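A short write-up of the structure that comes next.
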There are 2 protein chains.
Amino acid sequence: MGVTKSDLFTEEQNDLANVAKAFAHPARIAIIQYLLKSNACINGHLVSELGLAQATISQHLRALKDIGIIQGTIEGVSVSYCINPTRWEEVKNLFSEIFELYKNPNQQNCC
Amino acid sequence: MGVTKSDLFTEEQNDLANVAKAFAHPARIAIIQYLLKSNACINGHLVSELGLAQATISQHLRALKDIGIIQGTIEGVSVSYCINPTRWEEVKNLFSEIFELYKNPNQQNCC
DNA sequence: CAAATTAATCGTAATATTGCAATATAATAA
DNA sequence: TTATTATATTGCAATATTACGATTAATTTG
């Protein structure tokens, strides 16, 4: 055991779950926030910003790249990272969908 | 190793990461969607809805309760669950904050 | 009271994630 | 070419998560 039974769920549910994993670690949130705030391509100064080892940062960057939220282009020796605008919009909409699903006409419909 | 180094990050970052974990598994998304769509208190018919064992569902429900997204009240032999409206709003705002952080004036600011 | 029902918890196995040192890779500089 | 620099990958240890059978706890029914 220990394996998520993906086949029990819809593609949409599995998608959202995977995307949510991007946000499910503070280091990845820190990376995302850093890229969002700078709103530009950032060379990998992230290692000095966060207090984690270079290998660990690289691993988190890879996770974010796999999910598609960030993209990186090689610039000589270093790599520039930034938010992927298209994917960001997609991810935003995925979350919006579920958040908009909740209508609470009266405060009393809850146990 | 294997422990997330929470002390390296802000409380806000750790909070969002924890909340995101609610969405980071398709079964929990399915549970949330089920409660959202019914928009009412639902007795534990979730076990028959999803294809997971009773113990597993209970475990996911507990995770959602710990995060605060759902609440349950005992109704005789069974338990009624529903979305916690206040917390839901909070969670929604946490995600909104980070999503609103992204401004993309021109499509060319990305590598 | 005993049986039935419902859900939580415990214990455990399997898999996933996190973190890092060491190493590999790739581009540039000397 | 040989350093140097920046990042990725590998291998591994520690911890977390997922799943479920078995058990427990609490309530209701007969």
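Order determines the names: the first chain of the structure tokens is A, the second B, and so forth; residues in each chain are numbered 1 upward, and ligands are numbered 1 upward as they are shown.
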Chain fit, chain A moved to chain B over all Cα pairs in order, as a tab-separated table (two decimals) with N, CA and C atoms, in the first residue's frame:
chain	number	residue	atom	x	y	z
A	1	MET	N	17.43	13.20	7.57
A	1	MET	CA	16.73	14.16	6.72
A	1	MET	C	15.30	13.74	6.38
A	2	GLY	N	14.69	14.50	5.52
A	2	GLY	CA	13.33	14.18	5.13
A	2	GLY	C	12.32	15.05	5.84
A	3	VAL	N	12.79	15.88	6.77
A	3	VAL	CA	11.89	16.77	7.50
A	3	VAL	C	11.87	18.12	6.81
A	4	THR	N	10.68	18.63	6.60
A	4	THR	CA	10.53	19.97	6.06
A	4	THR	C	11.07	20.97	7.08
A	5	LYS	N	11.94	21.86	6.63
A	5	LYS	CA	12.56	22.82	7.54
A	5	LYS	C	11.68	24.06	7.70
A	6	SER	N	10.62	23.90	8.44
A	6	SER	CA	9.59	24.94	8.59
A	6	SER	C	10.16	26.25	9.13
A	7	ASP	N	11.19	26.15	9.93
A	7	ASP	CA	11.75	27.35	10.58
A	7	ASP	C	12.45	28.27	9.59
A	8	LEU	N	12.68	27.78	8.39
A	8	LEU	CA	13.33	28.63	7.38
A	8	LEU	C	12.32	29.55	6.71
A	9	PHE	N	11.04	29.29	6.92
A	9	PHE	CA	10.02	30.01	6.17
A	9	PHE	C	9.10	30.81	7.09
A	10	THR	N	8.37	31.73	6.48
A	10	THR	CA	7.45	32.55	7.26
A	10	THR	C	6.23	31.72	7.66
A	11	GLU	N	5.51	32.23	8.64
A	11	GLU	CA	4.31	31.54	9.10
A	11	GLU	C	3.30	31.46	7.96
A	12	GLU	N	3.23	32.53	7.19
A	12	GLU	CA	2.31	32.59	6.06
A	12	GLU	C	2.63	31.48	5.04
A	13	GLN	N	3.92	31.31	4.78
A	13	GLN	CA	4.33	30.30	3.82
A	13	GLN	C	4.02	28.89	4.33
A	14	ASN	N	4.28	28.67	5.60
A	14	ASN	CA	3.97	27.36	6.18
A	14	ASN	C	2.46	27.12	6.21
A	15	ASP	N	1.71	28.15	6.52
A	15	ASP	CA	0.24	28.04	6.54
A	15	ASP	C	-0.31	27.62	5.20
A	16	LEU	N	0.09	28.37	4.19
A	16	LEU	CA	-0.41	28.08	2.84
A	16	LEU	C	-0.02	26.67	2.42
A	17	ALA	N	1.20	26.28	2.75
A	17	ALA	CA	1.66	24.94	2.40
A	17	ALA	C	0.78	23.88	3.06
A	18	ASN	N	0.45	24.10	4.32
A	18	ASN	CA	-0.41	23.14	5.02
A	18	ASN	C	-1.80	23.07	4.44
A	19	VAL	N	-2.34	24.24	4.14
A	19	VAL	CA	-3.68	24.30	3.54
A	19	VAL	C	-3.68	23.61	2.18
A	20	ALA	N	-2.63	23.83	1.42
A	20	ALA	CA	-2.54	23.24	0.08
A	20	ALA	C	-2.57	21.71	0.15
A	21	LYS	N	-2.09	21.17	1.25
A	21	LYS	CA	-2.10	19.71	1.41
A	21	LYS	C	-3.51	19.13	1.41
A	22	ALA	N	-4.47	19.96	1.79
A	22	ALA	CA	-5.87	19.51	1.75
A	22	ALA	C	-6.25	19.14	0.33
A	23	PHE	N	-5.70	19.88	-0.62
A	23	PHE	CA	-6.06	19.69	-2.02
A	23	PHE	C	-5.09	18.76	-2.75
A	24	ALA	N	-4.07	18.33	-2.05
A	24	ALA	CA	-2.99	17.59	-2.70
A	24	ALA	C	-3.24	16.09	-2.80
A	25	HIS	N	-4.47	15.69	-2.62
A	25	HIS	CA	-4.82	14.28	-2.84
A	25	HIS	C	-6.23	14.19	-3.45
A	26	PRO	N	-6.35	13.41	-4.53
A	26	PRO	CA	-7.62	13.35	-5.25
A	26	PRO	C	-8.80	12.92	-4.37
A	27	ALA	N	-8.54	12.06	-3.41
A	27	ALA	CA	-9.64	11.62	-2.54
A	27	ALA	C	-10.17	12.79	-1.73
A	28	ARG	N	-9.26	13.63	-1.26
A	28	ARG	CA	-9.70	14.78	-0.46
A	28	ARG	C	-10.42	15.80	-1.34
A	29	ILE	N	-9.98	15.93	-2.57
A	29	ILE	CA	-10.69	16.81	-3.49
A	29	ILE	C	-12.09	16.26	-3.76
A	30	ALA	N	-12.18	14.97	-3.95
A	30	ALA	CA	-13.49	14.34	-4.18
A	30	ALA	C	-14.41	14.59	-2.99
A	31	ILE	N	-13.87	14.46	-1.80
A	31	ILE	CA	-14.68	14.70	-0.59
A	31	ILE	C	-15.14	16.16	-0.55
A	32	ILE	N	-14.21	17.07	-0.79
A	32	ILE	CA	-14.54	18.49	-0.77
A	32	ILE	C	-15.60	18.81	-1.82
A	33	GLN	N	-15.41	18.31	-3.02
A	33	GLN	CA	-16.38	18.56	-4.09
A	33	GLN	C	-17.76	18.02	-3.73
A	34	TYR	N	-17.75	16.86	-3.14
A	34	TYR	CA	-19.02	16.23	-2.75
A	34	TYR	C	-19.76	17.11	-1.75
A	35	LEU	N	-19.04	17.63	-0.78
A	35	LEU	CA	-19.65	18.49	0.23
A	35	LEU	C	-20.06	19.83	-0.37
A	36	LEU	N	-19.26	20.34	-1.27
A	36	LEU	CA	-19.56	21.62	-1.91
A	36	LEU	C	-20.82	21.51	-2.76
A	37	LYS	N	-20.90	20.46	-3.53
A	37	LYS	CA	-22.03	20.31	-4.45
A	37	LYS	C	-23.33	20.09	-3.70
A	38	SER	N	-23.29	19.28	-2.66
A	38	SER	CA	-24.52	19.02	-1.91
A	38	SER	C	-24.90	20.25	-1.10
A	39	ASN	N	-23.91	21.06	-0.75
A	39	ASN	CA	-24.15	22.29	0.00
A	39	ASN	C	-25.01	22.03	1.23
A	40	ALA	N	-24.72	20.95	1.92
A	40	ALA	CA	-25.49	20.62	3.11
A	40	ALA	C	-24.70	19.64	3.96
A	41	CYS	N	-25.27	19.28	5.04
A	41	CYS	CA	-24.63	18.28	5.90
A	41	CYS	C	-24.85	16.90	5.31
A	42	ILE	N	-23.79	16.18	5.21
A	42	ILE	CA	-23.83	14.87	4.57
A	42	ILE	C	-23.39	13.81	5.56
A	43	ASN	N	-24.22	12.84	5.74
A	43	ASN	CA	-23.77	11.72	6.56
A	43	ASN	C	-22.75	10.93	5.77
A	44	GLY	N	-21.97	10.19	6.46
A	44	GLY	CA	-20.81	9.57	5.86
A	44	GLY	C	-21.08	8.50	4.83
A	45	HIS	N	-21.75	8.89	3.76
A	45	HIS	CA	-21.94	7.96	2.66
A	45	HIS	C	-20.75	7.96	1.73
A	46	LEU	N	-19.74	8.68	2.15
A	46	LEU	CA	-18.56	8.85	1.30
A	46	LEU	C	-17.87	7.53	1.01
A	47	VAL	N	-17.93	6.62	1.95
A	47	VAL	CA	-17.26	5.33	1.78
A	47	VAL	C	-17.80	4.62	0.55
A	48	SER	N	-19.12	4.68	0.34
A	48	SER	CA	-19.69	4.01	-0.83
A	48	SER	C	-19.47	4.83	-2.10
A	49	GLU	N	-19.35	6.14	-1.96
A	49	GLU	CA	-19.13	7.00	-3.13
A	49	GLU	C	-17.74	6.77	-3.72
A	50	LEU	N	-16.73	6.96	-2.90
A	50	LEU	CA	-15.36	6.71	-3.34
A	50	LEU	C	-15.08	5.23	-3.18
A	51	GLY	N	-14.05	4.75	-3.80
A	51	GLY	CA	-13.79	3.32	-3.76
A	51	GLY	C	-12.76	2.92	-2.72
A	52	LEU	N	-12.62	3.73	-1.70
A	52	LEU	CA	-11.59	3.46	-0.70
A	52	LEU	C	-12.17	2.83	0.56
A	53	ALA	N	-11.32	2.22	1.33
A	53	ALA	CA	-11.77	1.57	2.55
A	53	ALA	C	-12.23	2.60	3.58
A	54	GLN	N	-13.06	2.16	4.49
A	54	GLN	CA	-13.63	3.06	5.49
A	54	GLN	C	-12.53	3.73	6.31
A	55	ALA	N	-11.54	2.98	6.67
A	55	ALA	CA	-10.46	3.54	7.49
A	55	ALA	C	-9.72	4.64	6.73
A	56	THR	N	-9.58	4.45	5.44
A	56	THR	CA	-8.86	5.42	4.62
A	56	THR	C	-9.65	6.72	4.50
A	57	ILE	N	-10.94	6.60	4.25
A	57	ILE	CA	-11.81	7.79	4.17
A	57	ILE	C	-11.75	8.55	5.48
A	58	SER	N	-11.88	7.82	6.55
A	58	SER	CA	-11.87	8.44	7.88
A	58	SER	C	-10.59	9.22	8.10
A	59	GLN	N	-9.49	8.67	7.60
A	59	GLN	CA	-8.19	9.32	7.71
A	59	GLN	C	-8.16	10.63	6.93
A	60	HIS	N	-8.71	10.61	5.71
A	60	HIS	CA	-8.75	11.82	4.90
A	60	HIS	C	-9.68	12.87	5.52
A	61	LEU	N	-10.79	12.40	6.07
A	61	LEU	CA	-11.71	13.32	6.74
A	61	LEU	C	-11.02	14.00	7.92
A	62	ARG	N	-10.25	13.24	8.63
A	62	ARG	CA	-9.52	13.79	9.77
A	62	ARG	C	-8.51	14.85	9.31
A	63	ALA	N	-7.84	14.57	8.22
A	63	ALA	CA	-6.87	15.53	7.68
A	63	ALA	C	-7.58	16.84	7.33
A	64	LEU	N	-8.74	16.73	6.69
A	64	LEU	CA	-9.49	17.93	6.31
A	64	LEU	C	-10.01	18.66	7.54
A	65	LYS	N	-10.38	17.90	8.55
A	65	LYS	CA	-10.84	18.51	9.80
A	65	LYS	C	-9.70	19.24	10.49
A	66	ASP	N	-8.53	18.61	10.50
A	66	ASP	CA	-7.35	19.22	11.14
A	66	ASP	C	-6.99	20.54	10.46
A	67	ILE	N	-7.11	20.58	9.16
A	67	ILE	CA	-6.83	21.80	8.41
A	67	ILE	C	-7.96	22.81	8.65
A	68	GLY	N	-9.12	22.30	9.02
A	68	GLY	CA	-10.23	23.17	9.39
A	68	GLY	C	-11.25	23.39	8.29
A	69	ILE	N	-11.00	22.80	7.13
A	69	ILE	CA	-11.85	23.01	5.96
A	69	ILE	C	-13.24	22.40	6.12
A	70	ILE	N	-13.31	21.30	6.84
A	70	ILE	CA	-14.63	20.69	7.08
A	70	ILE	C	-14.87	20.57	8.57
A	71	GLN	N	-16.12	20.38	8.92
A	71	GLN	CA	-16.47	20.13	10.31
A	71	GLN	C	-17.51	19.02	10.35
A	72	GLY	N	-17.57	18.31	11.46
A	72	GLY	CA	-18.51	17.21	11.56
A	72	GLY	C	-19.21	17.23	12.90
A	73	THR	N	-20.49	16.93	12.87
A	73	THR	CA	-21.22	16.81	14.13
A	73	THR	C	-21.85	15.44	14.21
A	74	ILE	N	-21.81	14.88	15.39
A	74	ILE	CA	-22.36	13.55	15.61
A	74	ILE	C	-23.88	13.63	15.60
A	75	GLU	N	-24.47	12.74	14.81
A	75	GLU	CA	-25.93	12.68	14.73
A	75	GLU	C	-26.35	11.25	15.02
A	76	GLY	N	-26.48	10.96	16.26
A	76	GLY	CA	-26.81	9.59	16.62
A	76	GLY	C	-25.64	8.69	16.33
A	77	VAL	N	-25.87	7.71	15.50
A	77	VAL	CA	-24.81	6.74	15.19
A	77	VAL	C	-23.85	7.29	14.15
A	78	SER	N	-24.35	8.13	13.30
A	78	SER	CA	-23.51	8.61	12.20
A	78	SER	C	-23.01	10.03	12.45
A	79	VAL	N	-22.25	10.54	11.52
A	79	VAL	CA	-21.67	11.87	11.64
A	79	VAL	C	-22.00	12.68	10.40
A	80	SER	N	-22.39	13.91	10.61
A	80	SER	CA	-22.69	14.80	9.48
A	80	SER	C	-21.50	15.71	9.21
A	81	TYR	N	-21.10	15.76	7.97
A	81	TYR	CA	-20.00	16.63	7.60
A	81	TYR	C	-20.46	17.76	6.71
A	82	CYS	N	-19.75	18.87	6.80
A	82	CYS	CA	-19.99	19.97	5.87
A	82	CYS	C	-18.76	20.87	5.83
A	83	ILE	N	-18.76	21.74	4.84
A	83	ILE	CA	-17.71	22.74	4.72
A	83	ILE	C	-17.83	23.73	5.87
A	84	ASN	N	-16.71	24.14	6.41
A	84	ASN	CA	-16.67	25.21	7.41
A	84	ASN	C	-16.59	26.54	6.66
A	85	PRO	N	-17.69	27.30	6.65
A	85	PRO	CA	-17.78	28.49	5.79
A	85	PRO	C	-16.67	29.51	6.08
A	86	THR	N	-16.43	29.75	7.34
A	86	THR	CA	-15.42	30.75	7.74
A	86	THR	C	-14.04	30.34	7.26
A	87	ARG	N	-13.69	29.11	7.55
A	87	ARG	CA	-12.38	28.62	7.16
A	87	ARG	C	-12.24	28.56	5.64
A	88	TRP	N	-13.33	28.19	4.99
A	88	TRP	CA	-13.31	28.11	3.53
A	88	TRP	C	-12.96	29.47	2.92
A	89	GLU	N	-13.57	30.50	3.49
A	89	GLU	CA	-13.30	31.87	3.04
A	89	GLU	C	-11.82	32.21	3.26
A	90	GLU	N	-11.33	31.85	4.41
A	90	GLU	CA	-9.91	32.09	4.74
A	90	GLU	C	-8.98	31.42	3.73
A	91	VAL	N	-9.28	30.15	3.47
A	91	VAL	CA	-8.45	29.37	2.56
A	91	VAL	C	-8.48	29.98	1.17
A	92	LYS	N	-9.68	30.34	0.75
A	92	LYS	CA	-9.88	30.98	-0.54
A	92	LYS	C	-9.03	32.25	-0.64
A	93	ASN	N	-9.03	33.03	0.43
A	93	ASN	CA	-8.27	34.28	0.43
A	93	ASN	C	-6.77	34.03	0.41
A	94	LEU	N	-6.33	32.99	1.12
A	94	LEU	CA	-4.91	32.64	1.12
A	94	LEU	C	-4.43	32.38	-0.30
A	95	PHE	N	-5.23	31.63	-1.04
A	95	PHE	CA	-4.86	31.32	-2.42
A	95	PHE	C	-5.00	32.56	-3.31
A	96	SER	N	-6.07	33.31	-3.08
A	96	SER	CA	-6.30	34.52	-3.88
A	96	SER	C	-5.09	35.45	-3.79
A	97	GLU	N	-4.61	35.62	-2.58
A	97	GLU	CA	-3.46	36.50	-2.35
A	97	GLU	C	-2.30	36.18	-3.28
A	98	ILE	N	-1.97	34.92	-3.33
A	98	ILE	CA	-0.81	34.53	-4.14
A	98	ILE	C	-1.15	34.62	-5.63
A	99	PHE	N	-2.39	34.32	-5.98
A	99	PHE	CA	-2.76	34.37	-7.39
A	99	PHE	C	-2.83	35.82	-7.89
A	100	GLU	N	-3.25	36.72	-7.01
A	100	GLU	CA	-3.36	38.12	-7.40
A	100	GLU	C	-1.99	38.80	-7.48
A	101	LEU	N	-1.01	38.13	-6.94
A	101	LEU	CA	0.34	38.70	-6.92
A	101	LEU	C	0.93	38.80	-8.32
A	102	TYR	N	0.37	38.04	-9.23
A	102	TYR	CA	0.95	37.99	-10.56
A	102	TYR	C	0.32	39.00	-11.51
A	103	LYS	N	1.12	39.91	-11.95
A	103	LYS	CA	0.68	40.86	-12.96
A	103	LYS	C	1.53	40.64	-14.20
A	104	ASN	N	0.88	40.49	-15.33
A	104	ASN	CA	1.62	40.23	-16.55
A	104	ASN	C	1.27	41.27	-17.61
A	105	PRO	N	1.85	42.48	-17.46
A	105	PRO	CA	1.51	43.58	-18.35
A	105	PRO	C	1.79	43.24	-19.81
A	106	ASN	N	2.96	42.77	-20.08
A	106	ASN	CA	3.27	42.31	-21.44
A	106	ASN	C	3.62	40.83	-21.38
A	107	GLN	N	3.35	40.17	-22.42
A	107	GLN	CA	3.63	38.74	-22.47
A	107	GLN	C	5.13	38.46	-22.63
A	108	GLN	N	5.89	39.53	-22.73
A	108	GLN	CA	7.30	39.38	-23.06
A	108	GLN	C	8.24	39.44	-21.86
A	109	ASN	N	7.67	39.54	-20.67
A	109	ASN	CA	8.54	39.67	-19.51
A	109	ASN	C	9.02	38.32	-19.00
A	110	CYS	N	8.82	37.31	-19.85
A	110	CYS	CA	9.18	35.99	-19.39
A	110	CYS	C	10.20	35.36	-20.33
A	111	CYS	N	11.08	34.58	-19.76
A	111	CYS	CA	12.16	34.02	-20.55
A	111	CYS	C	11.68	32.90	-21.47
DT29 in chain D: which residues within 10 Å, counting only C-alpha atoms (C1' of nucleotides), same-chain residues fewer than 6 positions away excluded, as a short mmCIF file (atom, residue, chain, number, x, y, z; two decimals) with N, CA and C atoms (P, O5', C5', C4', C3', O3' and C1' of nucleotides), in the first residue's frame?
data_model
loop_
_atom_site.label_atom_id
_atom_site.label_comp_id
_atom_site.auth_asym_id
_atom_site.auth_seq_id
_atom_site.Cartn_x
_atom_site.Cartn_y
_atom_site.Cartn_z
P DA C 3 -25.43 -11.32 21.43
"O5'" DA C 3 -25.94 -10.39 20.24
"C5'" DA C 3 -27.21 -10.67 19.64
"C4'" DA C 3 -27.54 -9.61 18.62
"C3'" DA C 3 -26.51 -9.48 17.50
"O3'" DA C 3 -27.22 -9.43 16.26
"C1'" DA C 3 -26.86 -7.37 18.53
P DA C 4 -26.45 -9.36 14.84
"O5'" DA C 4 -26.63 -7.82 14.46
"C5'" DA C 4 -27.93 -7.22 14.56
"C4'" DA C 4 -27.83 -5.75 14.21
"C3'" DA C 4 -26.89 -5.45 13.05
"O3'" DA C 4 -27.53 -4.56 12.16
"C1'" DA C 4 -26.29 -4.15 14.93
P DT C 5 -26.87 -4.16 10.76
"O5'" DT C 5 -26.37 -2.68 11.07
"C5'" DT C 5 -27.28 -1.74 11.63
"C4'" DT C 5 -26.57 -0.44 11.90
"C3'" DT C 5 -25.57 -0.04 10.81
"O3'" DT C 5 -25.85 1.29 10.41
"C1'" DT C 5 -24.57 0.09 12.95
#
Find the residues in chain C near chain B: any atom within 8 Å counts, using only C-alpha atoms (C1' of nucleotides). Write them as number ranges by chain.
C: 5-8, 17-19
Restricting it to C-alpha atoms (C1' of nucleotides), dump the selection as a PDB file, in the first residue's frame.
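In the end it all went to again26.pdb:
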ATOM      1  C1'  DT C   5     -24.575   0.087  12.954  1.00  0.00           C
ATOM      2  C1'  DT C   6     -21.348   3.772  12.186  1.00  0.00           C
ATOM      3  C1'  DA C   7     -17.160   5.979  12.506  1.00  0.00           C
ATOM      4  C1'  DA C   8     -12.518   6.656  14.804  1.00  0.00           C
ATOM      5  C1'  DT C  17       8.775  13.236  -0.144  1.00  0.00           C
ATOM      6  C1'  DT C  18      12.467  15.919   1.755  1.00  0.00           C
ATOM      7  C1'  DG C  19      17.199  17.031   2.249  1.00  0.00           C
TER       8       DG C  19
END
Please report as number ranges by chain which residues of chain D come no farther than 12 Å from chain B, using only C-alpha atoms (C1' of nucleotides).
D: 12-23, 25-29
Could you name the residues that touch DT4 in chain D at 12 Å or less, counting only C-alpha atoms (C1' of nucleotides), but leaving out those on the same chain fewer than 2 positions away, as a compact mmCIF listing (two decimals) with C-alpha atoms (C1' of nucleotides), in the first residue's frame?
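Output saved as around18.txt:
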# COMPACT_ATOMS: atom_id res chain seq x y z
CA VAL A 77 26.41 29.37 -17.11
C1' DA C 27 29.20 26.93 -20.40
C1' DT C 28 32.58 30.41 -19.77
C1' DA C 29 37.19 32.34 -18.45
C1' DA C 30 42.05 32.13 -18.09
C1' DT D 2 42.45 23.62 -17.95
C1' DA D 6 26.29 27.37 -12.06
Determine which residues of chain B DSSP labels as strand (DSSP E or B) from the backbone of this structure, then write them out as a ChimeraX atom specification.
/B:42-43,70-75,78-83
